[in-house]
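Next comes query28.json, with JSON, C-alpha atoms.
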```json
[["chain", "number", "residue", "atom", "x", "y", "z"],
["A", 1, "MET", "CA", 50.91, 16.71, 202.15],
["A", 2, "GLY", "CA", 49.51, 19.50, 204.26],
["A", 3, "MET", "CA", 49.78, 23.23, 203.86],
["A", 4, "PHE", "CA", 52.63, 23.40, 206.41],
["A", 5, "ASP", "CA", 54.55, 20.79, 204.43],
["A", 6, "ASN", "CA", 54.03, 22.78, 201.22],
["A", 7, "ILE", "CA", 55.36, 25.94, 202.86],
["A", 8, "LYS", "CA", 58.31, 24.04, 204.31],
["A", 9, "GLU", "CA", 59.13, 22.55, 200.88],
["A", 10, "ALA", "CA", 58.85, 25.97, 199.21],
["A", 11, "MET", "CA", 61.23, 27.47, 201.76],
["A", 12, "ARG", "CA", 63.69, 24.61, 201.23],
["A", 13, "MET", "CA", 63.52, 25.08, 197.46],
["A", 14, "ARG", "CA", 64.08, 28.82, 197.82],
["A", 15, "SER", "CA", 67.08, 28.20, 200.04],
["A", 16, "GLU", "CA", 68.50, 25.68, 197.54],
["A", 17, "ALA", "CA", 67.95, 28.08, 194.63],
["A", 18, "LYS", "CA", 69.77, 30.83, 196.56],
["A", 19, "ARG", "CA", 72.67, 28.45, 197.28],
["A", 20, "ILE", "CA", 72.94, 27.54, 193.60],
["A", 21, "GLN", "CA", 72.80, 31.21, 192.62],
["A", 22, "ASN", "CA", 75.66, 31.93, 195.03],
["A", 23, "GLU", "CA", 77.68, 29.08, 193.52],
["A", 24, "MET", "CA", 77.11, 30.45, 190.02],
["A", 25, "GLN", "CA", 78.39, 33.87, 191.11],
["A", 26, "LYS", "CA", 81.68, 32.23, 192.12],
["A", 27, "ILE", "CA", 82.26, 31.06, 188.56],
["A", 28, "SER", "CA", 84.37, 33.28, 186.35],
["A", 29, "ALA", "CA", 85.64, 32.93, 182.82],
["A", 30, "THR", "CA", 88.47, 34.86, 181.19],
["A", 31, "TYR", "CA", 88.68, 35.58, 177.48],
["A", 32, "SER", "CA", 91.49, 37.48, 175.76],
["A", 33, "ASN", "CA", 92.20, 38.69, 172.25],
["A", 34, "GLY", "CA", 94.12, 41.57, 170.70],
["A", 35, "GLY", "CA", 95.47, 42.82, 174.02],
["A", 36, "ILE", "CA", 92.01, 42.95, 175.63],
["A", 37, "THR", "CA", 91.12, 40.66, 178.53],
["A", 38, "VAL", "CA", 87.61, 40.35, 179.95],
["A", 39, "VAL", "CA", 86.52, 38.40, 183.02],
["A", 40, "ALA", "CA", 82.83, 37.46, 183.11],
["A", 41, "LYS", "CA", 81.11, 36.00, 186.16],
["A", 42, "GLY", "CA", 78.63, 33.16, 186.25],
["A", 43, "ASP", "CA", 75.76, 35.59, 186.83],
["A", 44, "MET", "CA", 76.52, 37.09, 183.39],
["A", 45, "THR", "CA", 78.10, 40.28, 184.69],
["A", 46, "ILE", "CA", 81.52, 41.60, 183.73],
["A", 47, "ALA", "CA", 84.02, 41.53, 186.59],
["A", 48, "SER", "CA", 86.85, 43.31, 184.78],
["A", 49, "ILE", "CA", 88.19, 44.58, 181.47],
["A", 50, "THR", "CA", 91.90, 45.13, 181.07],
["A", 51, "MET", "CA", 93.74, 46.39, 178.03],
["A", 52, "ASP", "CA", 97.32, 46.13, 176.99],
["A", 53, "PRO", "CA", 98.62, 49.36, 175.42],
["A", 54, "THR", "CA", 98.74, 47.56, 172.05],
["A", 55, "ALA", "CA", 94.95, 47.26, 172.15],
["A", 56, "TYR", "CA", 94.73, 50.98, 171.43],
["A", 57, "ASP", "CA", 96.73, 50.69, 168.20],
["A", 58, "GLU", "CA", 93.56, 50.59, 166.09],
["A", 59, "VAL", "CA", 92.27, 53.79, 167.71],
["A", 60, "LYS", "CA", 95.64, 55.49, 167.24],
["A", 61, "ALA", "CA", 95.58, 54.41, 163.59],
["A", 62, "GLY", "CA", 92.24, 56.20, 163.14],
["A", 63, "LYS", "CA", 90.16, 52.99, 163.16],
["A", 64, "PRO", "CA", 88.08, 53.19, 166.35],
["A", 65, "ALA", "CA", 85.37, 50.97, 164.84],
["A", 66, "ARG", "CA", 87.84, 48.07, 164.63],
["A", 67, "PHE", "CA", 88.75, 48.57, 168.30],
["A", 68, "GLU", "CA", 85.06, 48.66, 169.27],
["A", 69, "THR", "CA", 84.41, 45.47, 167.31],
["A", 70, "MET", "CA", 87.37, 43.77, 168.96],
["A", 71, "LEU", "CA", 86.17, 44.85, 172.42],
["A", 72, "LEU", "CA", 82.64, 43.65, 171.69],
["A", 73, "ASN", "CA", 83.95, 40.27, 170.49],
["A", 74, "VAL", "CA", 86.07, 39.79, 173.61],
["A", 75, "VAL", "CA", 83.18, 40.71, 175.94],
["A", 76, "ASN", "CA", 80.85, 38.33, 174.10],
["A", 77, "GLY", "CA", 83.53, 35.62, 174.16],
["A", 78, "ALA", "CA", 83.91, 35.94, 177.94],
["A", 79, "LEU", "CA", 80.14, 35.86, 178.46],
["A", 80, "LYS", "CA", 79.80, 32.77, 176.25],
["A", 81, "LYS", "CA", 82.61, 31.01, 178.08],
["A", 82, "SER", "CA", 80.97, 31.90, 181.42],
["A", 83, "ARG", "CA", 77.56, 30.69, 180.23],
["A", 84, "ASP", "CA", 79.05, 27.41, 178.99],
["A", 85, "THR", "CA", 80.81, 26.89, 182.33],
["A", 86, "VAL", "CA", 77.57, 27.55, 184.25],
["A", 87, "GLN", "CA", 75.71, 25.06, 182.04],
["A", 88, "GLN", "CA", 78.39, 22.43, 182.69],
["A", 89, "GLU", "CA", 78.21, 23.02, 186.44],
["A", 90, "MET", "CA", 74.40, 22.87, 186.41],
["A", 91, "ALA", "CA", 74.56, 19.57, 184.51],
["A", 92, "LYS", "CA", 76.95, 18.18, 187.14],
["A", 93, "LEU", "CA", 74.58, 19.28, 189.92],
["A", 94, "MET", "CA", 71.62, 17.65, 188.21],
["A", 95, "GLN", "CA", 73.53, 14.41, 187.60],
["A", 96, "SER", "CA", 74.68, 14.29, 191.22],
["A", 97, "GLY", "CA", 71.11, 14.72, 192.40],
["A", 98, "GLU", "CA", 71.85, 17.93, 194.32],
["A", 99, "MET", "CA", 69.09, 19.75, 192.45],
["A", 100, "GLY", "CA", 66.61, 16.90, 192.51],
["A", 101, "GLY", "CA", 64.35, 18.65, 195.01],
["A", 102, "LEU", "CA", 63.95, 21.63, 192.74],
["A", 103, "PHE", "CA", 62.46, 19.48, 190.00],
["A", 104, "GLY", "CA", 60.27, 17.16, 192.04],
["A", 105, "LYS", "CA", 62.63, 14.18, 192.36]]
```
Whole structure, structure tokens version:
Amino acid sequence: MGMFDNIKEAMRMRSEAKRIQNEMQKISATYSNGGITVVAKGDMTIASITMDPTAYDEVKAGKPARFETMLLNVVNGALKKSRDTVQQEMAKLMQSGEMGGLFGK
């Protein structure tokens, strides 16, 4: 394999990695609890946080730490769900052979 072939293969791998990254960004996972809903994307960013008025009850009751803990748990739950979904999708891609070129197959 010549130098040109190596460069061509590297460019193909980069293109494939970019395609997979774009696919992962399309994934989203929603997690709700206690009137708080968080949507996390496959790239491990938060797309949205929405709160039902009841979610503020802990703050109104003088317990902001409980609200903060609840919010933290919902954010972490959404991120975990998103990460699990990405891992499942990556496993499907590897089984289908779509990522074979990235790992020397």
Hey, could you pull the box centre and edge lengths for stretch 80-95 of chain A, axis-aligned, 3 Å padding per side, all listed atoms, to one decimal in Å, as AutoDock Vina command-line options?
```
--center_x 77.1 --center_y 23.6 --center_z 183.1 --size_x 17.0 --size_y 24.4 --size_z 19.7
```
(request) Rank A:Leu79, A:Lys92, A:Lys63, A:Met11 by their smallest atom-to-atom distance to A:Ile46, using only C-alpha atoms, and report the top residue only. (result) A:Leu79
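With only C-alpha atoms as the basis for measurement, A:Met51 is the residue among A:Met51, A:Ala10, A:Val75, A:Met94 that approaches A:Gly34 most closely.
The closest residue to A:Tyr56, picked from A:Arg19, A:Gly42, A:Leu71, A:Asn6 and counting all atoms listed in the file, is A:Leu71.
Atom pair atom CA of A:Asp43 / atom CA of A:Glu9: separated by 25.4 Å.
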(request) Might you pull out every residue within 12 Å of A:Glu23, with all atoms listed in the file counted and same-chain residues fewer than 5 positions away left off, and present them as a PyMOL selection string? (result) chain A and resi 16-18+28+41-43+85-86+89-90+93
(request) Enter the distance from atom CA of A:Gln87 to atom CA of A:Ile7, in Å, rounded to one decimal. (result) 29.1 Å
(request) Might you pull out every residue within 12 Å of A:Glu58, with only C-alpha atoms counted and same-chain residues fewer than 3 positions away left off, and present them as an MDAnalysis selection string? (result) chainID A and resid 34:35 53:55 61:71
Atoms kept (C-alpha atoms) for selection, written as an mmCIF file, in the coordinates of the input:
```
data_model
loop_
_atom_site.group_PDB
_atom_site.id
_atom_site.type_symbol
_atom_site.label_atom_id
_atom_site.label_comp_id
_atom_site.auth_asym_id
_atom_site.auth_seq_id
_atom_site.Cartn_x
_atom_site.Cartn_y
_atom_site.Cartn_z
ATOM 1 C CA GLY A 34 94.120 41.570 170.700
ATOM 2 C CA GLY A 35 95.470 42.820 174.020
ATOM 3 C CA PRO A 53 98.620 49.360 175.420
ATOM 4 C CA THR A 54 98.740 47.560 172.050
ATOM 5 C CA ALA A 55 94.950 47.260 172.150
ATOM 6 C CA ALA A 61 95.580 54.410 163.590
ATOM 7 C CA GLY A 62 92.240 56.200 163.140
ATOM 8 C CA LYS A 63 90.160 52.990 163.160
ATOM 9 C CA PRO A 64 88.080 53.190 166.350
ATOM 10 C CA ALA A 65 85.370 50.970 164.840
ATOM 11 C CA ARG A 66 87.840 48.070 164.630
ATOM 12 C CA PHE A 67 88.750 48.570 168.300
ATOM 13 C CA GLU A 68 85.060 48.660 169.270
ATOM 14 C CA THR A 69 84.410 45.470 167.310
ATOM 15 C CA MET A 70 87.370 43.770 168.960
ATOM 16 C CA LEU A 71 86.170 44.850 172.420
#
```
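The space between atom CA of A:Gln21 and atom CA of A:Ala78 spans 19.0 Å.
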Counting all atoms listed in the file, what is within 10 Å of A:Thr50, bar same-chain residues fewer than 2 positions away, as a CSV table (one decimal) with C-alpha atoms, in the coordinates of the input?
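Written output follows (selection_30.csv):
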```
chain,number,residue,atom,x,y,z
A,32,SER,CA,91.5,37.5,175.8
A,35,GLY,CA,95.5,42.8,174.0
A,36,ILE,CA,92.0,43.0,175.6
A,37,THR,CA,91.1,40.7,178.5
A,38,VAL,CA,87.6,40.4,180.0
A,39,VAL,CA,86.5,38.4,183.0
A,48,SER,CA,86.8,43.3,184.8
A,52,ASP,CA,97.3,46.1,177.0
A,53,PRO,CA,98.6,49.4,175.4
A,55,ALA,CA,95.0,47.3,172.2
```
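The smallest atom-to-atom distance between A:Ile49 and any of A:Met13, A:Ala91, A:Leu72, A:Ile27, using only C-alpha atoms, is found for A:Leu72.
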